[in-house]
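**Student:** My structure is below; once you've seen it, I'll send some questions.
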Amino acid sequence: MAKLTINGAPYEASAGMTILDVCQREGIHIPTLCNHPDLKTQGICRVCVVDVKGSKTLQSACGTPVSDGMEILTTTDRIRKARKTIVELLLANHYTDCTVCPKNLNCELQSLANEFGLTDLRWKERRERTLPQDDTSPVFVRDNNKCVLCQRCVRACDELQGVYAVANLYKGDSTIVGSAFNRPISEVVCINCGQCVAHCPTGALYEKYCIEDVWKAIDDPDKIVVIQTAPAIRAALGEAFDYPPGTRVTGKMVSALRTMGFDNVFDTQFAADLTIMEEGFELLGRLKDALADGGKPSLPMMTSCSPGWIKFQEHFFPEYLPNLSTCKSPQQMFGAVVKSFWARKMNLDPADIVCVSVMPCTAKKFEAARPEMGTDGDQDVDFVLTTRELAVMIKQAGIDLRDMADSAFDDPLGESTGAATIFAATGGVMEAALRTAYEVVTGREVPFKDLDITPVRGLDGVKQAGIALTGVKKEWSFLEGVELKVMVAHGTANAKAVMTALRDGKLDVHFIEIMTCPGGCLGGGGQPLPVSPEKRLARARAIYEEDSESVHRKSHRNPSIARIYDEFFGSPNSHLAHELLHTRYTVRGQY
């Protein structure tokens, strides 16, 4: 334990802490730009400089480890002038179009300029672009004219995701951050997860909006515009309206969407319950092939709800594509159901239906456009809005979310269970699947208190659990005594380690859930900014609270799910279900 003083006051710090760590713990403000709680400290931008006794030069707080006896000053005339000069230099190399920038009022560089009272600059900002924008990605745009070289996008892509689609290019004052090998984004391995966008402090990266397309559809009297909202939205949307992180605004969101003009407001959670039915029975079928019929099933089976992970696996682990569940994600299942079952039920032509989804994930935009995700050229989902885009639309409509009364989703595609709600968090899909699969096989609830399968919860990068199957029903006798072994990973860097272990023959599991983003969908690249581990935890608490309060907490107990099988699909994994709810994937090259 090191003893030190900061601004004359005594503090203690454990080994490995930096000056910034201690100051943030103690509530001592130090401005930063390159630092982010999700990423390793780099000391790149130097905005966080402090004065350490005995050092001739100012030191970066984020890159300087504490030591015993250290004396630190965080605010002196010298420090303030240095920080102000650094921000001025960043602004001098920054293309300024703040009033129309997608990050306006949410830009960390803008906030620093305001903090240092920069109303008149010694070196004027650039008023024109000198570098071309890269808009070849299907989901986001890179504008290096606004890049401050903080490398947060590089570190997010490398450390969190293990993709390495972003890189530092050139050297010295010619350095820029861009796509690997200096190619357009569309020509490198990018999984469209949007973590680079979520971690960028300026407008150098932003998602492609489809807001105007959705407004146009709403205004078209010949179109029936339906909207579905993912589980993670209800626990995050409120942040854009100054609610504390983790505040559930489900009912207010539904009312706002109706006020905006959507004809029907549905819940993606209905399709999450449908996914569990299809995926759960698919898993049981693969286990039967392995244990009863002596076949060669593709085990372990892997969930397929995360489009960023699907694309990652297509690039880096294509030999395990047969292991992926063939089920479409809840977003895509919902679109398929809307344009088949619901269209028939409402006597509507599917061509007249516009299906919009609100997702926490930029990769969902890519997923909706995949050619596999449609029928006869008509996509299951027409437009995908991020949580941030929905917040913009609500404000454009002149709606104050706080003024909205609570209302419920429309039937029948608005009824869901607590199991569907927890899809938003890492481990949630696995927990929902186990609740149903165990009960189907044994006739009993999972042997965990209050149905909470805690071993698969939490923000550990990789989690494992096992459930012994005993006292099984006669038709499942081949599973008697089997320990169903499962694994959960979130963040593709963690998932990459899991897949490498699988490739090396070091894994013995039956079922793996993988989510692309930190914390699962709650930490998606389209969620409100800024992001932090604390916000993801708050959102997760809200999700699990909703699950615990739900009338039905197991997907197979959703009455509307039972009806759709009775009236339309017949049974899970039926021929019609496979035709509409299942898909295939593509082997892609690495570069």
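Every chain in the structure tokens takes a letter, A first, then B, and so on in the order presented; its residues are numbered from 1, and the ligands are numbered from 1 following the presented order.
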I need the strand (DSSP E or B) residues of stretch 330-450 of chain A per DSSP on the backbone, written as an MDAnalysis selection string.
**Tutor:** chainID A and resid 353:359 374:375 378:379 383:386
**Student:** What are the closest atom pairs, with distances in Å to one decimal, for all residues of stretch 120-228 of chain A lying within 7 Å of stretch 491-515 of chain A? Consider only C-alpha atoms, order rows by chain and residue number, and present the result as a Markdown table.
**Tutor:**
| residue | atom | partner | partner_atom | distance |
| --- | --- | --- | --- | --- |
| A:Glu159 | CA | A:Ala493 | CA | 6.7 |
| A:Leu160 | CA | A:Ala493 | CA | 5.6 |
| A:Gln161 | CA | A:Thr492 | CA | 4.4 |
| A:Gly162 | CA | A:Ala493 | CA | 4.3 |
**Student:** Choose the residue, out of A:Glu88, A:Glu389, A:Glu282, A:Asp267, that has the smallest atom-to-atom separation from A:Glu125; count only C-alpha atoms.
**Tutor:**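 Looking at the shortest contact to A:Glu125, the residue is A:Glu88.
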**Student:** So that I can check the surroundings of A:Cys361, please list as a PDB file with C-alpha atoms, in the first residue's frame every protein, DNA and RNA residue that reaches within 12 Å of it, counting only C-alpha atoms and ignoring chain neighbours fewer than 5 positions away.
**Tutor:**
ATOM      1  CA  VAL A 139     -23.490   0.977 -40.476  1.00  0.00           C
ATOM      2  CA  PHE A 140     -21.136   3.882 -39.697  1.00  0.00           C
ATOM      3  CA  ILE A 191     -18.055  -6.926 -37.569  1.00  0.00           C
ATOM      4  CA  ASN A 192     -20.140  -3.708 -37.462  1.00  0.00           C
ATOM      5  CA  CYS A 193     -20.427  -3.845 -33.661  1.00  0.00           C
ATOM      6  CA  GLY A 194     -20.094  -0.074 -33.261  1.00  0.00           C
ATOM      7  CA  GLN A 195     -17.814  -0.225 -30.222  1.00  0.00           C
ATOM      8  CA  VAL A 197     -18.372   4.573 -32.415  1.00  0.00           C
ATOM      9  CA  ALA A 198     -19.407   4.157 -28.782  1.00  0.00           C
ATOM     10  CA  GLU A 207     -23.620   5.561 -37.110  1.00  0.00           C
ATOM     11  CA  THR A 229     -38.186  -2.642 -29.426  1.00  0.00           C
ATOM     12  CA  ALA A 230     -35.386  -4.834 -28.100  1.00  0.00           C
ATOM     13  CA  PRO A 231     -35.158  -5.736 -24.386  1.00  0.00           C
ATOM     14  CA  ALA A 232     -32.090  -3.537 -23.807  1.00  0.00           C
ATOM     15  CA  ILE A 233     -33.855  -0.362 -24.968  1.00  0.00           C
ATOM     16  CA  CYS A 305     -28.542 -13.792 -31.585  1.00  0.00           C
ATOM     17  CA  SER A 306     -25.548 -11.470 -31.953  1.00  0.00           C
ATOM     18  CA  PRO A 307     -24.910 -10.434 -35.585  1.00  0.00           C
ATOM     19  CA  GLY A 308     -21.461  -9.063 -34.782  1.00  0.00           C
ATOM     20  CA  TRP A 309     -20.438 -12.467 -33.457  1.00  0.00           C
ATOM     21  CA  GLN A 331     -35.129  -9.202 -34.465  1.00  0.00           C
ATOM     22  CA  PHE A 366     -26.088  -5.051 -41.210  1.00  0.00           C
ATOM     23  CA  GLU A 367     -28.053  -8.122 -40.107  1.00  0.00           C
ATOM     24  CA  ALA A 368     -31.366  -6.754 -41.399  1.00  0.00           C
ATOM     25  CA  VAL A 384     -33.173  -0.513 -37.890  1.00  0.00           C
ATOM     26  CA  LEU A 385     -32.870   2.413 -35.474  1.00  0.00           C
ATOM     27  CA  THR A 386     -30.332   2.506 -32.680  1.00  0.00           C
ATOM     28  CA  THR A 387     -31.391   3.632 -29.207  1.00  0.00           C
ATOM     29  CA  ARG A 388     -29.684   6.942 -29.945  1.00  0.00           C
ATOM     30  CA  GLU A 389     -31.628   7.388 -33.184  1.00  0.00           C
ATOM     31  CA  ALA A 424     -30.428  -7.979 -22.927  1.00  0.00           C
ATOM     32  CA  MET A 515     -22.493 -11.809 -27.213  1.00  0.00           C
ATOM     33  CA  THR A 516     -20.370  -9.342 -29.143  1.00  0.00           C
ATOM     34  CA  CYS A 517     -20.543  -6.327 -26.860  1.00  0.00           C
ATOM     35  CA  PRO A 518     -19.334  -5.764 -23.273  1.00  0.00           C
ATOM     36  CA  GLY A 520     -24.197  -8.114 -23.821  1.00  0.00           C
ATOM     37  CA  CYS A 521     -26.804  -6.044 -25.658  1.00  0.00           C
ATOM     38  CA  LEU A 522     -26.993  -3.637 -22.717  1.00  0.00           C
ATOM     39  CA  GLY A 523     -23.541  -2.441 -23.801  1.00  0.00           C
ATOM     40  CA  GLY A 524     -24.352  -2.344 -27.498  1.00  0.00           C
ATOM     41  CA  GLY A 525     -22.711   0.107 -29.884  1.00  0.00           C
ATOM     42  CA  GLY A 526     -25.989   1.970 -30.428  1.00  0.00           C
ATOM     43  CA  GLN A 527     -26.778   2.721 -26.782  1.00  0.00           C
ATOM     44  CA  PRO A 528     -26.766   6.225 -25.225  1.00  0.00           C
TER      45      PRO A 528
END
**Student:** As a ChimeraX atom specification, please: the residues near stretch 34-36 of chain A (cut-off 12 Å, only C-alpha atoms, same-chain neighbours under 2 positions excluded).
**Tutor:** /A:18,20-21,24,30-32,38-48,60-63,108-109,147-156,198-202,530-533
**Student:** Deliver the residues from the most recent selection as a file, using N, CA and C atoms, as a CSV table (one decimal), in the first residue's frame.
**Tutor:**
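Once written, result_15.csv looks like this:
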chain,number,residue,atom,x,y,z
A,18,THR,N,-2.9,4.1,-10.9
A,18,THR,CA,-2.3,5.3,-11.5
A,18,THR,C,-2.8,6.5,-10.7
A,20,LEU,N,-4.4,8.9,-11.9
A,20,LEU,CA,-5.8,9.2,-12.3
A,20,LEU,C,-6.8,8.2,-11.5
A,21,ASP,N,-6.4,7.0,-11.4
A,21,ASP,CA,-7.3,6.0,-10.6
A,21,ASP,C,-7.6,6.5,-9.2
A,24,GLN,N,-9.8,9.7,-9.4
A,24,GLN,CA,-11.2,9.4,-9.7
A,24,GLN,C,-11.9,8.7,-8.5
A,30,ILE,N,-9.9,15.5,-12.8
A,30,ILE,CA,-8.8,15.7,-13.7
A,30,ILE,C,-9.4,15.4,-15.1
A,31,PRO,N,-9.3,16.4,-16.0
A,31,PRO,CA,-9.8,16.2,-17.4
A,31,PRO,C,-9.1,15.2,-18.1
A,32,THR,N,-9.8,14.4,-19.0
A,32,THR,CA,-9.1,13.4,-19.8
A,32,THR,C,-9.8,13.3,-21.1
A,38,ASP,N,-13.2,1.4,-19.9
A,38,ASP,CA,-13.2,0.1,-20.6
A,38,ASP,C,-11.9,-0.3,-21.1
A,39,LEU,N,-11.0,0.7,-21.3
A,39,LEU,CA,-9.8,0.4,-22.0
A,39,LEU,C,-8.5,0.6,-21.2
A,40,LYS,N,-7.4,0.0,-21.6
A,40,LYS,CA,-6.2,0.1,-20.9
A,40,LYS,C,-5.7,1.6,-21.0
A,41,THR,N,-5.0,2.1,-20.0
A,41,THR,CA,-4.5,3.4,-20.0
A,41,THR,C,-3.3,3.6,-20.9
A,42,GLN,N,-3.3,4.7,-21.6
A,42,GLN,CA,-2.3,4.9,-22.6
A,42,GLN,C,-1.5,6.2,-22.4
A,43,GLY,N,-2.1,7.2,-21.9
A,43,GLY,CA,-1.3,8.5,-21.7
A,43,GLY,C,-1.0,9.1,-23.0
A,44,ILE,N,-2.0,9.1,-24.0
A,44,ILE,CA,-1.7,9.6,-25.3
A,44,ILE,C,-2.0,11.1,-25.5
A,45,CYS,N,-3.2,11.6,-25.0
A,45,CYS,CA,-3.6,12.9,-25.3
A,45,CYS,C,-2.9,14.0,-24.4
A,46,ARG,N,-2.5,13.6,-23.2
A,46,ARG,CA,-1.8,14.5,-22.3
A,46,ARG,C,-2.6,15.6,-21.6
A,47,VAL,N,-3.9,15.5,-21.8
A,47,VAL,CA,-4.8,16.5,-21.2
A,47,VAL,C,-4.8,16.3,-19.7
A,48,CYS,N,-4.5,15.1,-19.2
A,48,CYS,CA,-4.6,14.9,-17.8
A,48,CYS,C,-3.3,15.1,-17.0
A,60,SER,N,1.5,12.6,-17.2
A,60,SER,CA,0.1,12.2,-17.4
A,60,SER,C,-0.4,11.4,-16.2
A,61,ALA,N,-1.6,11.8,-15.7
A,61,ALA,CA,-2.1,11.2,-14.6
A,61,ALA,C,-2.6,9.8,-14.9
A,62,CYS,N,-3.0,9.5,-16.1
A,62,CYS,CA,-3.5,8.2,-16.5
A,62,CYS,C,-2.4,7.2,-16.8
A,63,GLY,N,-1.2,7.7,-17.0
A,63,GLY,CA,-0.1,6.8,-17.4
A,63,GLY,C,1.0,6.7,-16.3
A,108,GLU,N,-16.8,15.1,-26.3
A,108,GLU,CA,-15.9,15.3,-25.2
A,108,GLU,C,-14.9,16.4,-25.5
A,109,LEU,N,-14.5,16.6,-26.7
A,109,LEU,CA,-13.6,17.7,-27.0
A,109,LEU,C,-14.3,19.0,-26.9
A,147,CYS,N,-10.8,13.5,-36.0
A,147,CYS,CA,-10.0,12.5,-35.2
A,147,CYS,C,-9.0,13.3,-34.3
A,148,VAL,N,-8.9,13.0,-33.1
A,148,VAL,CA,-7.9,13.6,-32.2
A,148,VAL,C,-6.8,12.6,-31.8
A,149,LEU,N,-6.7,11.5,-32.5
A,149,LEU,CA,-5.7,10.5,-32.3
A,149,LEU,C,-5.6,9.9,-30.9
A,150,CYS,N,-6.8,9.9,-30.2
A,150,CYS,CA,-6.8,9.3,-28.9
A,150,CYS,C,-6.7,7.8,-28.9
A,151,GLN,N,-6.9,7.2,-30.0
A,151,GLN,CA,-6.8,5.7,-30.3
A,151,GLN,C,-7.8,4.9,-29.5
A,152,ARG,N,-8.9,5.6,-29.0
A,152,ARG,CA,-9.9,4.8,-28.3
A,152,ARG,C,-10.6,3.8,-29.2
A,153,CYS,N,-10.8,4.2,-30.4
A,153,CYS,CA,-11.4,3.2,-31.4
A,153,CYS,C,-10.5,2.0,-31.7
A,154,VAL,N,-9.2,2.3,-31.8
A,154,VAL,CA,-8.2,1.2,-32.0
A,154,VAL,C,-8.2,0.3,-30.8
A,155,ARG,N,-8.2,0.8,-29.6
A,155,ARG,CA,-8.1,0.0,-28.4
A,155,ARG,C,-9.5,-0.8,-28.2
A,156,ALA,N,-10.6,-0.1,-28.5
A,156,ALA,CA,-11.9,-0.8,-28.4
A,156,ALA,C,-11.9,-2.0,-29.4
A,198,ALA,N,-19.0,3.9,-30.2
A,198,ALA,CA,-19.4,4.2,-28.8
A,198,ALA,C,-18.3,4.7,-28.0
A,199,HIS,N,-17.0,4.5,-28.3
A,199,HIS,CA,-15.9,4.9,-27.5
A,199,HIS,C,-15.2,6.1,-28.1
A,200,CYS,N,-15.6,6.6,-29.3
A,200,CYS,CA,-15.0,7.8,-29.9
A,200,CYS,C,-15.5,9.0,-29.1
A,201,PRO,N,-14.5,9.9,-28.7
A,201,PRO,CA,-15.0,11.1,-28.0
A,201,PRO,C,-15.5,12.2,-28.8
A,202,THR,N,-15.3,12.2,-30.1
A,202,THR,CA,-15.7,13.3,-31.0
A,202,THR,C,-16.6,12.7,-32.1
A,530,PRO,N,-22.2,8.9,-22.8
A,530,PRO,CA,-21.1,8.0,-22.9
A,530,PRO,C,-21.3,6.6,-22.2
A,531,VAL,N,-20.5,5.6,-22.5
A,531,VAL,CA,-20.6,4.3,-21.9
A,531,VAL,C,-19.7,4.1,-20.8
A,532,SER,N,-20.0,3.2,-19.9
A,532,SER,CA,-19.1,2.9,-18.7
A,532,SER,C,-19.6,1.6,-18.1
A,533,PRO,N,-18.7,0.9,-17.4
A,533,PRO,CA,-19.1,-0.3,-16.7
A,533,PRO,C,-20.2,-0.1,-15.7
**Student:** Would you mind telling me which residue in A:Asp158, A:Asp410, A:Glu483, A:Glu579 lies nearest to A:Ser340 when using only C-alpha atoms?
**Tutor:**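 Using only C-alpha atoms, the shortest distance to A:Ser340 belongs to A:Glu579.
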**Student:** Using DSSP secondary structure from the backbone, list all helix (DSSP H, G or I) positions within stretch 469-516 of chain A, as a PyMOL selection string.
**Tutor:** chain A and resi 474-479+492-503
**Student:** Hey, can you spit out that residue selection with C-alpha atoms as an mmCIF file, in the first residue's frame?
**Tutor:**
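And here's result.cif as it stands now:
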data_model
loop_
_atom_site.group_PDB
_atom_site.id
_atom_site.type_symbol
_atom_site.label_atom_id
_atom_site.label_comp_id
_atom_site.auth_asym_id
_atom_site.auth_seq_id
_atom_site.Cartn_x
_atom_site.Cartn_y
_atom_site.Cartn_z
ATOM 1 C CA LYS A 474 -39.495 -41.135 -20.570
ATOM 2 C CA GLU A 475 -39.092 -39.606 -24.029
ATOM 3 C CA TRP A 476 -35.860 -37.973 -22.877
ATOM 4 C CA SER A 477 -34.447 -41.039 -21.114
ATOM 5 C CA PHE A 478 -31.168 -40.828 -23.062
ATOM 6 C CA LEU A 479 -30.391 -37.656 -21.053
ATOM 7 C CA THR A 492 -15.444 -10.989 -29.025
ATOM 8 C CA ALA A 493 -11.923 -10.922 -27.595
ATOM 9 C CA ASN A 494 -13.189 -13.252 -24.857
ATOM 10 C CA ALA A 495 -15.174 -15.254 -27.387
ATOM 11 C CA LYS A 496 -12.067 -15.606 -29.536
ATOM 12 C CA ALA A 497 -10.272 -17.227 -26.589
ATOM 13 C CA VAL A 498 -13.210 -19.622 -26.116
ATOM 14 C CA MET A 499 -13.206 -20.590 -29.782
ATOM 15 C CA THR A 500 -9.446 -21.077 -29.794
ATOM 16 C CA ALA A 501 -9.772 -23.418 -26.814
ATOM 17 C CA LEU A 502 -12.515 -25.289 -28.670
ATOM 18 C CA ARG A 503 -10.319 -25.576 -31.747
#
**Student:** Taking 4 positions as the minimum chain separation for residues in the same chain, which residues sit within 9 Å of stretch 550-561 of chain A when counting only C-alpha atoms? Answer as a tab-separated table (two decimals) with C-alpha atoms, in the first residue's frame.
**Tutor:**
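Output below, filename selection12.tsv:
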chain	number	residue	atom	x	y	z
A	270	PHE	CA	-42.11	-11.88	-27.98
A	271	ALA	CA	-39.65	-13.08	-30.62
A	272	ALA	CA	-37.03	-13.74	-27.93
A	273	ASP	CA	-39.45	-16.22	-26.35
A	274	LEU	CA	-40.00	-17.68	-29.81
A	275	THR	CA	-36.23	-17.97	-30.23
A	276	ILE	CA	-35.95	-19.96	-27.01
A	277	MET	CA	-38.59	-22.39	-28.23
A	411	ASP	CA	-51.22	-7.87	-28.77
A	412	PRO	CA	-50.43	-10.54	-29.75
A	413	LEU	CA	-46.81	-9.70	-30.53
A	414	GLY	CA	-46.37	-7.64	-27.40
A	415	GLU	CA	-46.70	-10.38	-24.82
A	416	SER	CA	-43.46	-11.75	-23.39
A	417	THR	CA	-41.84	-13.30	-20.34
A	418	GLY	CA	-39.06	-12.42	-17.94
A	419	ALA	CA	-36.90	-14.95	-19.76
A	420	ALA	CA	-37.11	-12.76	-22.86
A	432	ALA	CA	-33.72	-18.36	-20.62
A	433	ALA	CA	-32.85	-21.48	-22.63
A	435	ARG	CA	-35.25	-22.53	-17.77
A	436	THR	CA	-37.22	-23.98	-20.67
A	440	VAL	CA	-39.27	-29.69	-20.89
A	451	LEU	CA	-35.32	-19.38	-11.29
A	545	GLU	CA	-35.70	-6.60	-11.73
A	546	GLU	CA	-38.20	-6.70	-14.58
A	565	TYR	CA	-47.69	-22.67	-32.51
A	566	ASP	CA	-51.32	-23.83	-32.27
**Student:** Nearest residue to A:Met302 out of A:Gly471, A:Pro322, A:Pro350, A:Gly285, using only C-alpha atoms?
**Tutor:**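 Going through A:Gly471, A:Pro322, A:Pro350, A:Gly285 one by one, the smallest distance to A:Met302 is for A:Pro322.
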**Student:** With distances taken over only C-alpha atoms, which of A:Gly238, A:Gly27, A:Gly428, A:Gly466 is nearest to A:Val482?
**Tutor:** A:Gly466
